[in-house]
Protein chains: 4
Amino acid sequence: MNGYSRARVAVLGASGYAGREAIRLLARHGRAEIALASSESEAGAKLSRMVRGAPGIALTRIAEADFAGCDAVLSCLPHGESSKWVEKALGAGARVVDLSNDLRVIDETTPEWGRGAVYGLPELHRGRISGATLVANPGCYPTAAILALAPLVRRGLVAGPVIIDAASGVSGAGRSPKRELLMAELAEDFSAYKVGNTHRHLAEMRDQTGALNGGAGPELVFTPHLLPVKRGILETIYVPLTAALDEPHRPWLDDYAGEPFVEVMTDRLPTLADVTGTNHVSIGVQPVADTTRPMLIIVAAIDNLVKGAAGQAVQNLNLMFGWPETEGLT
Amino acid sequence: MNGYSRARVAVLGASGYAGREAIRLLARHGRAEIALASSESEAGAKLSRMVRGAPGIALTRIAEADFAGCDAVLSCLPHGESSKWVEKALGAGARVVDLSNDLRVIDETTPEWGRGAVYGLPELHRGRISGATLVANPGCYPTAAILALAPLVRRGLVAGPVIIDAASGVSGAGRSPKRELLMAELAEDFSAYKVGNTHRHLAEMRDQTGALNGGAGPELVFTPHLLPVKRGILETIYVPLTAALDEPHRPWLDDYAGEPFVEVMTDRLPTLADVTGTNHVSIGVQPVADTTRPMLIIVAAIDNLVKGAAGQAVQNLNLMFGWPETEGLT
Amino acid sequence: MNGYSRARVAVLGASGYAGREAIRLLARHGRAEIALASSESEAGAKLSRMVRGAPGIALTRIAEADFAGCDAVLSCLPHGESSKWVEKALGAGARVVDLSNDLRVIDETTPEWGRGAVYGLPELHRGRISGATLVANPGCYPTAAILALAPLVRRGLVAGPVIIDAASGVSGAGRSPKRELLMAELAEDFSAYKVGNTHRHLAEMRDQTGALNGGAGPELVFTPHLLPVKRGILETIYVPLTAALDEPHRPWLDDYAGEPFVEVMTDRLPTLADVTGTNHVSIGVQPVADTTRPMLIIVAAIDNLVKGAAGQAVQNLNLMFGWPETEGLT
Amino acid sequence: MNGYSRARVAVLGASGYAGREAIRLLARHGRAEIALASSESEAGAKLSRMVRGAPGIALTRIAEADFAGCDAVLSCLPHGESSKWVEKALGAGARVVDLSNDLRVIDETTPEWGRGAVYGLPELHRGRISGATLVANPGCYPTAAILALAPLVRRGLVAGPVIIDAASGVSGAGRSPKRELLMAELAEDFSAYKVGNTHRHLAEMRDQTGALNGGAGPELVFTPHLLPVKRGILETIYVPLTAALDEPHRPWLDDYAGEPFVEVMTDRLPTLADVTGTNHVSIGVQPVADTTRPMLIIVAAIDNLVKGAAGQAVQNLNLMFGWPETEGLT
């Protein structure tokens with residue numbers, strides 16, 4: 001249906017962490033050919049120098065990028081910067097996955113051309129992604145949180161404010177040189193940031209969980225932490241329930257049966273190590289023994305650069321082009 | 001007032017992480033002299049080989065320890081093991097600080113001789129500690145949680161279940177060789193454990209917060225995590241309030257004014273690095289912007305081996321002997 | 001040519017770090033099928049629980065392993081333990097790659113049946129490995145050192161004692177629980193061990209470099225260090241030369257042209273991150289500016305669990321069975 | 001004897017890692033009072049906010065610093081920047097310890113006013129430091145290397161090129177934001193840099209070891225590595241000897257007897273953890289078992305920010321003012 005057995009793909013912002021991970025994944029992808037890669041800080045360098053096995057093309061400045069020969073574009077450009085290049089790529093006829101925050105929440109500030117962007121969480125929106133020209137790739141924290149919460153929200157089981165306590169490895173903060181991201185600052189430290197519902201990912205979580213329940217999603221409180229590891233996100237999510245569940249894992253087992261990248265753990269809870277380097281989300285649940293109102297704790301883990309960014313982008317690309325969903329991701 | 005200008009101190013279990021930290025602190029203490037140190041795994045070795053600046057006495061097996069010449073005993077023995085040696089030390093006339101879990105919660109299982117143990121959190125029980133013969137040194141997680149919550153609980157401001165989401169460095173898991181504590185297992189990993197209110201520190205938190213409010217403490221949900229750092233505990237605590245606070249920091253500023261080891265941060269939230277290597281608890285608070293019911297997030301940090309163990313034990317020792325409370329701790 | 005399009009493979013000691021890595025690699029290998037996996041500590045558990053994507057067979061105790069249906073055996077058993085099971089597997093008709101130290105150096109203590117073991121460094125002994133029934137898989141430190149030094153030794157360019165200063169991630173020390181390998185001991189630490197030419201890998205390095213030069217190999221001094229990272233080996237090797245080289249990289253470029261797993265870096269020196277997770281050895285060289293006698297510094301990096309253990313074992317397996325050498329390794 | 005029971009001290013560049021460590025040490029020093037602290041990036045902030053226990057003065061820009069009331073100045077300014085402020089401080093009558101590289105090697109480029117700078121390694125030059133107005137504080141790598149080598153060099157026991165293979169924690173690279181120092185780059189990595197005798201510390205090592213032997217110091221080869229830890233330096237030093245030593249530790253035991261900050265280990269070799277947070281250098285030696293020419297391996301460890309920077313600066317300050325050498329350092 002999508003008419004492509006292969007596609008020429010551009011990666012914008014290829015020298016950031018998500019961009020580089022996209023190059024890694026595409027370099028071993030059976031149907032995508034990396035036709036263009038942009039980077040401001042490493043323009044001129046050979047892509048194969050940055051990622052072993054990548055093609056030997058030179059990285060170009062974004063201003064010099066020519067989308068004419070590209071069937072698809074993955075934009076790993078910074079928030080705010082991304083949308084103008086996404087618009088240009090669409091104009092040149094390419095299908096686009098935008099990894100930035102720019103089109104994840106559609107509201108009155110969204111430009112006309114971007115309003116049709118599909119939220120690229122395949123486990124929720126596979127059908128719409130398959131026919132899409134423009135996909136907004138989910139944020140890293142929302143990917144884990146939404147997939148963790150969806151089975152409860154859909155069933156109307158959430159009885160009160162949900163606490164999403166999350167921790168991310170430092171690659172989530174990007175590759176721009178900042179003092180507070182130096183290893184000498186972060187090693188052996190651990191901190192909460194954007195405390196008090198001030199992180200931009202919250203809108204995305206609310207939007208998506210709300211849509212699962214007719215617009216009336218659960219109240220969410222979200223606190224991210226910075227973890228002194230390279231990559232990975234672990235979320236510990238506290239959900240007050242309308243009623244205790246007889247089989248606590250059942251909603252996830254049912255909703256995610258057959259999903260290639262969701263692992264529901266029934267005998268223990270996931271840790272970062274279960275998902276690092278993979279496109280999986282691992283989810284486990286544990287009822288709280290002794291609260292007045294029933295409460296369930298969900299622990300969900302992803303690799304922020306794979307399922308939380310580049311891996312999910314490739315998964316979306318596969319769907320957009322009608323390729324096997326797991327191509328390049330196993 | 002307590003009649004000692006100096007005291008001879010024994011440290012039991014001196015080669016574990018808390019024990020070694022106790023030796024470090026006592027080695028530079030102006031009034032305590034380390035008279036005895038026990039260790040099963042390193043018996044016979046010189047204490048000064050283990051900690052620079054410590055006296056050159058040999059570590060002895062606990063079975064060979066003679067408490068006769070000791071004015072005070074710090075027991076860093078494992079839970080369950082500690083109480084029989086504490087009883088023996090008391091019988092020999094020593095004052096005792098027990099760092100184990102054995103006497104922190106007094107209930108029907110507590111032996112008669114242990115029922116008078118004072119819970120050694122100086123910021124709450126300074127008066128009783130000052131005259132005490134037997135002090136139960138608080139657990140690491142409870143130290144941070146109780147000090148963080150006390151100002152709200154006392155004022156009856158807690159309106160519902162409190163979520164205590166906590167993370168500890170690996171020294172908190174002890175020094176016994178276990179596969180799951182190997183660096184090759186833990187580096188770059190992060191995990192929740194004892195999820196669902198199954199950690200033994202919860203009873204201690206409930207007991208102490210309950211006592212602050214006439215026995216009816218807040219409902220608590222406590223989830224510890226294992227953090228890939230050597231030391232330090234950070235707790236992110238979610239508290240539903242009966243009413244929003246005009247001055248969110250006021251209760252802590254008022255209750256802890258003049259406390260030498262409590263730092264109330266009013267312009268940012270604490271991180272591990274603020275407290276590592278010190279006997280301080282740092283506490284910051286942040287209201288949540290947009291919940292239906294007012295919610296406050298408290299972030300509290302301690303060094304699990306200092307304020308969470310050996311430092312607090314020395315603080316208690318100072319109080320028990322009528323010495324300056326900060327002696328050896330600054 | 002070796003008559004197998006596919007083979008049934010057993011992995012002995014599958015729950016150690018090298019064993020688990022072997023399972024990971026074989027699980028995505030196009031020609032090998034994991035038919036048996038042994039582990040004492042995790043016997044009974046499902047292999048797929050340990051490694052995502054592995055077959056769902058149960059791990060068995062080594063004493064209950066039946067080699068009858070196995071075409072090949074990879075032994076990741078401890079040194080000293082391995083040889084008796086290798087002998088048994090050979091007796092059952094399997095081809096064997098022994099990852100232990102037991103057969104790497106053939107001397108008077110080597111049992112008769114083991115004397116024909118081929119040293120499994122494909123870049124030096126590809127021809128002999130291709131026809132072999134029994135391969136001794138090289139040690140991790142020797143793999144990097146021998147490949148780094150071979151081009152100079154072969155050309156008779158080494159003029160004096162070679163210093164091999166090496167550092168390994170902690171997975172190199174194995175998965176047995178030992179106090180000195182706890183994360184609380186090793187994090188933020190760095191140490192030399194087996195200093196003064198007392199590490200057993202030295203014999204292997206001497207044997208192999210000697211063989212390249214008619215038995216008279218260079219004098220070697222080898223100091224390993226323990227690095228607070230999970231995996232990877234970096235060796236900094238100081239070589240006094242008989243004469244300065246006009247083109248310092250030339251010997252490596254010539255000798256390793258076309259090698260699929262050797263990367264000669266001509267514009268910078270390798271770091272751990274260049275090789276982590278891959279079967280590559282990366283080698284760079286740098287002349288010393290100002291010594292009386294010409295000196296070259298070689299920096300070589302491998303992943304100790306891949307090229308230094310399981311990856312090289314799979315590379316050997318591929319050669320032994322006449323499969324493409326890179327199968328399962330890219 | 002130097003006429004000061006107390007002194008008012010300025011710290012220039014107080015927000016860098018060495019500067020902040022200097023503030024930490026001086027804040028608990030019994031005789032020094034921090035009178036001024038400069039920082040460009042944190043000008044205006046309160047010093048007590050940066051370091052607990054420091055005075056509540058505001059950090060000032062260096063251009064606004066007034067040295068008039070300062071008895072002493074510690075300059076932690078960058079190399080090249082430091083000297084003009086050192087000159088100014090001297091002009092204002094202050095005694096100066098310069099922690100930069102600017103005055104460590106006196107040559108024809110050294111300005112007239114700086115030629116009398118004393119190299120501030122107390123264990124070698126205590127007498128000259130005691131009367132000094134201007135002290136050049138040694139580099140971190142040279143501190144460990146020179147103290148490790150001095151006993152052999154003095155005795156004429158070095159027979160050939162000495163290899164100094166060294167590794168430093170990331171705080172050694174400073175606090176300026178650079179991409180290559182981000183935690184997401186450095187965690188789990190390890191690399192050599194400035195390979196081939198191109199690091200500026202080499203001149204300092206040659207100068208000082210040469211001076212110990214009438215100007216003809218040993219040939220040195222120095223390779224630094226970047227270690228993924230916060231702080232600490234470990235050097236593994238390979239020394240060809242003119243003759244084997246009967247008692248390998250004897251030269252160090254003799255030369256450093258009574259030194260408060262040198263620890264000669266006779267039963268094992270030092271690791272980073274032995275020195276982190278202290279002003280000690282720990283030194284161990286190990287003969288190589290089986291080389292043709294006798295060789296000794298020295299392992300030396302320091303904390304790069306303490307004995308390798310701020311701690312040694314305070315040690316020098318103590319000597320310059322006639323205070324107890326260990327004041328503020330134990």
# chains A, B, ... in the order shown; residues from 1 in each chain; ligands from 1

$ closest_atom_pairs --of "chain C" --to "chain A" --cutoff "12 Å" --atoms "only C-alpha atoms" --output "CSV"
residue,atom,partner,partner_atom,distance
C:Arg24,CA,A:Thr330,CA,11.8
C:Ala27,CA,A:Thr330,CA,10.9
C:Arg28,CA,A:Thr330,CA,8.7
C:Arg49,CA,A:Met265,CA,10.2
C:Met50,CA,A:Asp274,CA,9.7
C:Val51,CA,A:Asp274,CA,9.2
C:Arg52,CA,A:Asp274,CA,8.7
C:Gly53,CA,A:Thr330,CA,9.0
C:Ala184,CA,A:Glu188,CA,11.5
C:Ala187,CA,A:Glu188,CA,9.0
C:Glu188,CA,A:Glu188,CA,8.6
C:Val229,CA,A:Val229,CA,11.1
C:Lys230,CA,A:Val229,CA,11.7
C:Pro260,CA,A:Gly53,CA,11.3
C:Phe261,CA,A:Arg52,CA,11.3
C:Glu263,CA,A:Arg52,CA,10.0
C:Met265,CA,A:Arg49,CA,10.2
C:Thr266,CA,A:Arg49,CA,11.6
C:Asp267,CA,A:Arg49,CA,10.5
C:Arg268,CA,A:Arg49,CA,11.1
C:Ala273,CA,A:Val51,CA,11.3
C:Asp274,CA,A:Arg52,CA,8.7
C:Val275,CA,A:Arg52,CA,9.7
C:Thr276,CA,A:Arg52,CA,11.8
C:Gly277,CA,A:Gly277,CA,10.0
C:Thr278,CA,A:Arg52,CA,10.0
C:Asn279,CA,A:Arg52,CA,11.9
C:His280,CA,A:Arg52,CA,10.3
C:Ser282,CA,A:Arg52,CA,11.5
C:Thr330,CA,A:Arg28,CA,8.8

$ select_by_dssp --residues "region 13-65 of chain D" --states "strand (DSSP E)" --output "PyMOL selection string"
chain D and resi 32-37

$ residues_around --residues "region 189-197 of chain C" --least-positions-apart "3" --cutoff "10 Å" --atoms "only C-alpha atoms" --output "number ranges by chain"
C: 165-167, 183-186, 200-203, 220-228; D: 167-169, 227-236, 268-274, 276, 285-291, 295-299, 301

$ select_by_dssp --residues "region 165-271 of chain B" --states "helix (DSSP H, G or I)" --output "JSON, numbers by chain"
{"B": [170, 171, 172, 173, 179, 180, 181, 183, 184, 185, 186, 201, 202, 203, 204, 205, 206, 207, 208, 209, 210, 211, 250, 251, 252, 253, 254, 255]}

$ residues_around --residues "region 33-43 of chain A" --least-positions-apart "3" --cutoff "9 Å" --atoms "only C-alpha atoms" --output "count of residues only"
35

$ atom_distance --atom1 "CA of Ala148 (chain A)" --atom2 "CA of His249 (chain A)"
11.3 Å

$ residues_around --residues "Leu157 (chain D)" --least-positions-apart "3" --cutoff "8 Å" --atoms "only C-alpha atoms" --output "list of chain:residue names"
D:Leu152, D:Val153, D:Arg154, D:Leu241, D:Thr242, D:Ala243

$ write_last_selection --atoms "C-alpha atoms" --output "mmCIF file, in the first residue's frame"
data_model
loop_
_atom_site.group_PDB
_atom_site.id
_atom_site.type_symbol
_atom_site.label_atom_id
_atom_site.label_comp_id
_atom_site.auth_asym_id
_atom_site.auth_seq_id
_atom_site.Cartn_x
_atom_site.Cartn_y
_atom_site.Cartn_z
ATOM 1 C CA LEU D 152 65.508 6.744 43.223
ATOM 2 C CA VAL D 153 66.751 9.773 41.314
ATOM 3 C CA ARG D 154 68.642 11.153 44.283
ATOM 4 C CA LEU D 241 67.239 0.283 37.795
ATOM 5 C CA THR D 242 71.013 0.315 37.799
ATOM 6 C CA ALA D 243 70.802 -2.533 40.290
#

$ residues_around --residues "Asp98 (chain A)" --least-positions-apart "5" --cutoff "10 Å" --atoms "only C-alpha atoms" --output "mmCIF file with all heavy atoms, in the first residue's frame"
data_model
loop_
_atom_site.group_PDB
_atom_site.id
_atom_site.type_symbol
_atom_site.label_atom_id
_atom_site.label_comp_id
_atom_site.auth_asym_id
_atom_site.auth_seq_id
_atom_site.Cartn_x
_atom_site.Cartn_y
_atom_site.Cartn_z
ATOM 1 N N LEU A 12 18.146 14.653 10.512
ATOM 2 C CA LEU A 12 18.533 16.031 10.849
ATOM 3 C C LEU A 12 18.953 16.099 12.317
ATOM 4 O O LEU A 12 18.280 15.549 13.184
ATOM 5 C CB LEU A 12 17.366 16.974 10.596
ATOM 6 C CG LEU A 12 16.693 16.845 9.219
ATOM 7 C CD1 LEU A 12 15.602 17.904 9.051
ATOM 8 C CD2 LEU A 12 17.721 16.941 8.093
ATOM 9 N N VAL A 73 12.219 11.850 6.325
ATOM 10 C CA VAL A 73 13.105 12.683 7.136
ATOM 11 C C VAL A 73 12.815 12.404 8.610
ATOM 12 O O VAL A 73 11.660 12.428 9.038
ATOM 13 C CB VAL A 73 12.875 14.183 6.833
ATOM 14 C CG1 VAL A 73 13.617 15.058 7.841
ATOM 15 C CG2 VAL A 73 13.319 14.513 5.413
ATOM 16 N N LEU A 74 13.887 12.114 9.385
ATOM 17 C CA LEU A 74 13.766 12.053 10.846
ATOM 18 C C LEU A 74 14.394 13.321 11.382
ATOM 19 O O LEU A 74 15.596 13.543 11.217
ATOM 20 C CB LEU A 74 14.511 10.848 11.427
ATOM 21 C CG LEU A 74 14.164 9.436 10.960
ATOM 22 C CD1 LEU A 74 14.790 8.402 11.908
ATOM 23 C CD2 LEU A 74 12.673 9.218 10.894
ATOM 24 N N SER A 75 13.599 14.144 12.036
ATOM 25 C CA SER A 75 14.173 15.367 12.583
ATOM 26 C C SER A 75 14.491 15.199 14.065
ATOM 27 O O SER A 75 13.593 15.046 14.897
ATOM 28 C CB SER A 75 13.227 16.553 12.395
ATOM 29 O OG SER A 75 13.759 17.654 13.124
ATOM 30 N N CYS A 76 15.790 15.250 14.359
ATOM 31 C CA CYS A 76 16.247 15.204 15.759
ATOM 32 C C CYS A 76 16.735 16.584 16.172
ATOM 33 O O CYS A 76 17.589 16.722 17.052
ATOM 34 C CB CYS A 76 17.374 14.174 15.902
ATOM 35 S SG CYS A 76 16.914 12.550 15.292
ATOM 36 N N LEU A 77 16.203 17.603 15.524
ATOM 37 C CA LEU A 77 16.596 18.979 15.839
ATOM 38 C C LEU A 77 15.993 19.417 17.173
ATOM 39 O O LEU A 77 15.033 18.817 17.650
ATOM 40 C CB LEU A 77 16.124 19.904 14.708
ATOM 41 C CG LEU A 77 16.802 19.641 13.360
ATOM 42 C CD1 LEU A 77 16.092 20.398 12.243
ATOM 43 C CD2 LEU A 77 18.284 20.023 13.409
ATOM 44 N N HIS A 79 13.912 21.357 20.105
ATOM 45 C CA HIS A 79 12.570 21.916 20.186
ATOM 46 C C HIS A 79 12.606 23.376 19.718
ATOM 47 O O HIS A 79 13.529 24.111 20.031
ATOM 48 C CB HIS A 79 12.075 21.877 21.641
ATOM 49 C CG HIS A 79 12.222 20.530 22.269
ATOM 50 N ND1 HIS A 79 11.678 19.394 21.728
ATOM 51 C CD2 HIS A 79 12.861 20.122 23.393
ATOM 52 C CE1 HIS A 79 11.971 18.358 22.493
ATOM 53 N NE2 HIS A 79 12.699 18.765 23.501
ATOM 54 N N SER A 82 12.961 22.663 15.204
ATOM 55 C CA SER A 82 12.612 21.568 14.315
ATOM 56 C C SER A 82 11.534 21.932 13.304
ATOM 57 O O SER A 82 11.645 21.614 12.115
ATOM 58 C CB SER A 82 12.160 20.364 15.156
ATOM 59 O OG SER A 82 11.965 19.239 14.342
ATOM 60 N N SER A 83 10.495 22.638 13.762
ATOM 61 C CA SER A 83 9.291 22.726 12.929
ATOM 62 C C SER A 83 9.526 23.353 11.559
ATOM 63 O O SER A 83 8.945 22.925 10.574
ATOM 64 C CB SER A 83 8.164 23.435 13.681
ATOM 65 O OG SER A 83 8.548 24.737 14.019
ATOM 66 N N TRP A 85 12.044 23.116 9.612
ATOM 67 C CA TRP A 85 12.649 22.153 8.694
ATOM 68 C C TRP A 85 11.695 21.015 8.391
ATOM 69 O O TRP A 85 11.708 20.451 7.289
ATOM 70 C CB TRP A 85 13.975 21.646 9.284
ATOM 71 C CG TRP A 85 14.923 22.787 9.491
ATOM 72 C CD1 TRP A 85 15.238 23.396 10.671
ATOM 73 C CD2 TRP A 85 15.615 23.506 8.464
ATOM 74 N NE1 TRP A 85 16.099 24.441 10.456
ATOM 75 C CE2 TRP A 85 16.353 24.530 9.105
ATOM 76 C CE3 TRP A 85 15.700 23.390 7.068
ATOM 77 C CZ2 TRP A 85 17.159 25.429 8.420
ATOM 78 C CZ3 TRP A 85 16.501 24.269 6.369
ATOM 79 C CH2 TRP A 85 17.210 25.285 7.037
ATOM 80 N N VAL A 86 10.864 20.682 9.353
ATOM 81 C CA VAL A 86 9.829 19.687 9.107
ATOM 82 C C VAL A 86 8.892 20.198 8.016
ATOM 83 O O VAL A 86 8.544 19.468 7.079
ATOM 84 C CB VAL A 86 9.051 19.401 10.416
ATOM 85 C CG1 VAL A 86 7.784 18.605 10.130
ATOM 86 C CG2 VAL A 86 9.945 18.665 11.414
ATOM 87 N N LEU A 103 5.343 19.202 17.788
ATOM 88 C CA LEU A 103 4.015 18.831 17.287
ATOM 89 C C LEU A 103 3.344 17.740 18.108
ATOM 90 O O LEU A 103 2.386 17.107 17.659
ATOM 91 C CB LEU A 103 4.133 18.384 15.817
ATOM 92 C CG LEU A 103 4.651 19.444 14.838
ATOM 93 C CD1 LEU A 103 4.991 18.813 13.497
ATOM 94 C CD2 LEU A 103 3.613 20.554 14.654
ATOM 95 N N ARG A 104 3.835 17.510 19.298
ATOM 96 C CA ARG A 104 3.276 16.413 20.095
ATOM 97 C C ARG A 104 1.925 16.763 20.701
ATOM 98 O O ARG A 104 1.082 15.895 20.898
ATOM 99 C CB ARG A 104 4.242 16.042 21.220
ATOM 100 C CG ARG A 104 5.503 15.391 20.708
ATOM 101 C CD ARG A 104 6.470 15.195 21.868
ATOM 102 N NE ARG A 104 7.780 14.787 21.394
ATOM 103 C CZ ARG A 104 8.886 14.906 22.111
ATOM 104 N NH1 ARG A 104 8.835 15.459 23.317
ATOM 105 N NH2 ARG A 104 10.037 14.515 21.625
ATOM 106 N N ALA A 117 -0.573 16.108 12.335
ATOM 107 C CA ALA A 117 0.476 15.215 12.827
ATOM 108 C C ALA A 117 -0.118 14.124 13.716
ATOM 109 O O ALA A 117 -0.936 14.401 14.594
ATOM 110 C CB ALA A 117 1.517 16.018 13.613
ATOM 111 N N TYR A 119 0.293 11.339 16.631
ATOM 112 C CA TYR A 119 1.154 11.068 17.790
ATOM 113 C C TYR A 119 1.701 9.639 17.667
ATOM 114 O O TYR A 119 0.936 8.667 17.684
ATOM 115 C CB TYR A 119 0.352 11.242 19.077
ATOM 116 C CG TYR A 119 1.195 11.197 20.333
ATOM 117 C CD1 TYR A 119 2.003 12.279 20.692
ATOM 118 C CD2 TYR A 119 1.199 10.067 21.145
ATOM 119 C CE1 TYR A 119 2.777 12.244 21.848
ATOM 120 C CE2 TYR A 119 1.965 10.023 22.304
ATOM 121 C CZ TYR A 119 2.760 11.109 22.647
ATOM 122 O OH TYR A 119 3.525 11.080 23.783
ATOM 123 N N GLY A 120 2.986 9.552 17.538
ATOM 124 C CA GLY A 120 3.608 8.293 17.111
ATOM 125 C C GLY A 120 3.878 7.273 18.198
ATOM 126 O O GLY A 120 5.021 6.827 18.333
ATOM 127 N N LEU A 134 3.020 12.660 8.425
ATOM 128 C CA LEU A 134 3.716 13.417 9.465
ATOM 129 C C LEU A 134 3.414 12.802 10.824
ATOM 130 O O LEU A 134 2.264 12.701 11.245
ATOM 131 C CB LEU A 134 3.235 14.875 9.438
ATOM 132 C CG LEU A 134 3.746 15.779 10.571
ATOM 133 C CD1 LEU A 134 5.265 15.862 10.586
ATOM 134 C CD2 LEU A 134 3.138 17.183 10.426
ATOM 135 N N VAL A 135 4.492 12.399 11.512
ATOM 136 C CA VAL A 135 4.350 11.769 12.818
ATOM 137 C C VAL A 135 5.140 12.560 13.849
ATOM 138 O O VAL A 135 6.301 12.894 13.618
ATOM 139 C CB VAL A 135 4.822 10.299 12.770
ATOM 140 C CG1 VAL A 135 4.997 9.732 14.183
ATOM 141 C CG2 VAL A 135 3.839 9.448 11.978
ATOM 142 N N ALA A 136 4.479 12.868 14.968
ATOM 143 C CA ALA A 136 5.177 13.493 16.101
ATOM 144 C C ALA A 136 5.635 12.376 17.020
ATOM 145 O O ALA A 136 4.813 11.683 17.621
ATOM 146 C CB ALA A 136 4.246 14.442 16.832
ATOM 147 N N ASN A 137 6.941 12.195 17.094
ATOM 148 C CA ASN A 137 7.484 11.106 17.910
ATOM 149 C C ASN A 137 7.361 11.488 19.390
ATOM 150 O O ASN A 137 7.765 12.587 19.779
ATOM 151 C CB ASN A 137 8.962 10.920 17.539
ATOM 152 C CG ASN A 137 9.444 9.499 17.703
ATOM 153 O OD1 ASN A 137 8.882 8.585 17.092
ATOM 154 N ND2 ASN A 137 10.470 9.306 18.521
ATOM 155 N N PRO A 138 6.838 10.599 20.223
ATOM 156 C CA PRO A 138 6.592 10.952 21.629
ATOM 157 C C PRO A 138 7.865 11.298 22.397
ATOM 158 O O PRO A 138 8.966 10.871 22.050
ATOM 159 C CB PRO A 138 5.966 9.673 22.201
ATOM 160 C CG PRO A 138 5.357 8.990 21.030
ATOM 161 C CD PRO A 138 6.304 9.275 19.891
ATOM 162 N N ALA A 309 13.110 7.567 21.841
ATOM 163 C CA ALA A 309 13.499 8.535 20.803
ATOM 164 C C ALA A 309 13.716 7.820 19.461
ATOM 165 O O ALA A 309 12.769 7.581 18.719
ATOM 166 C CB ALA A 309 14.742 9.327 21.218
ATOM 167 N N ALA A 313 11.168 6.182 16.621
ATOM 168 C CA ALA A 313 11.090 6.866 15.322
ATOM 169 C C ALA A 313 11.233 5.857 14.182
ATOM 170 O O ALA A 313 10.533 5.941 13.166
ATOM 171 C CB ALA A 313 12.165 7.950 15.231
#

$ atom_distance --atom1 "CA of Glu204 (chain D)" --atom2 "CA of Glu87 (chain D)"
21.3 Å

$ residues_around --residues "Thr292 (chain B)" --least-positions-apart "4" --cutoff "10 Å" --atoms "only C-alpha atoms" --output "list in words"
Gly160, Pro161 and Glu219 of chain A; Pro240 and Val288 of chain B

$ atom_distance --atom1 "CA of Asn101 (chain B)" --atom2 "CA of Glu81 (chain B)"
10.0 Å

$ closest_residue --among "C:Ala72, C:Ala159, C:Val118, C:Cys140" --to "Gly172 (chain C)" --atoms "only C-alpha atoms"
C:Cys140

$ closest_residue --among "B:Pro218, B:Gly139, B:Pro122, B:Pro324" --to "His199 (chain B)" --atoms "only C-alpha atoms"
B:Gly139
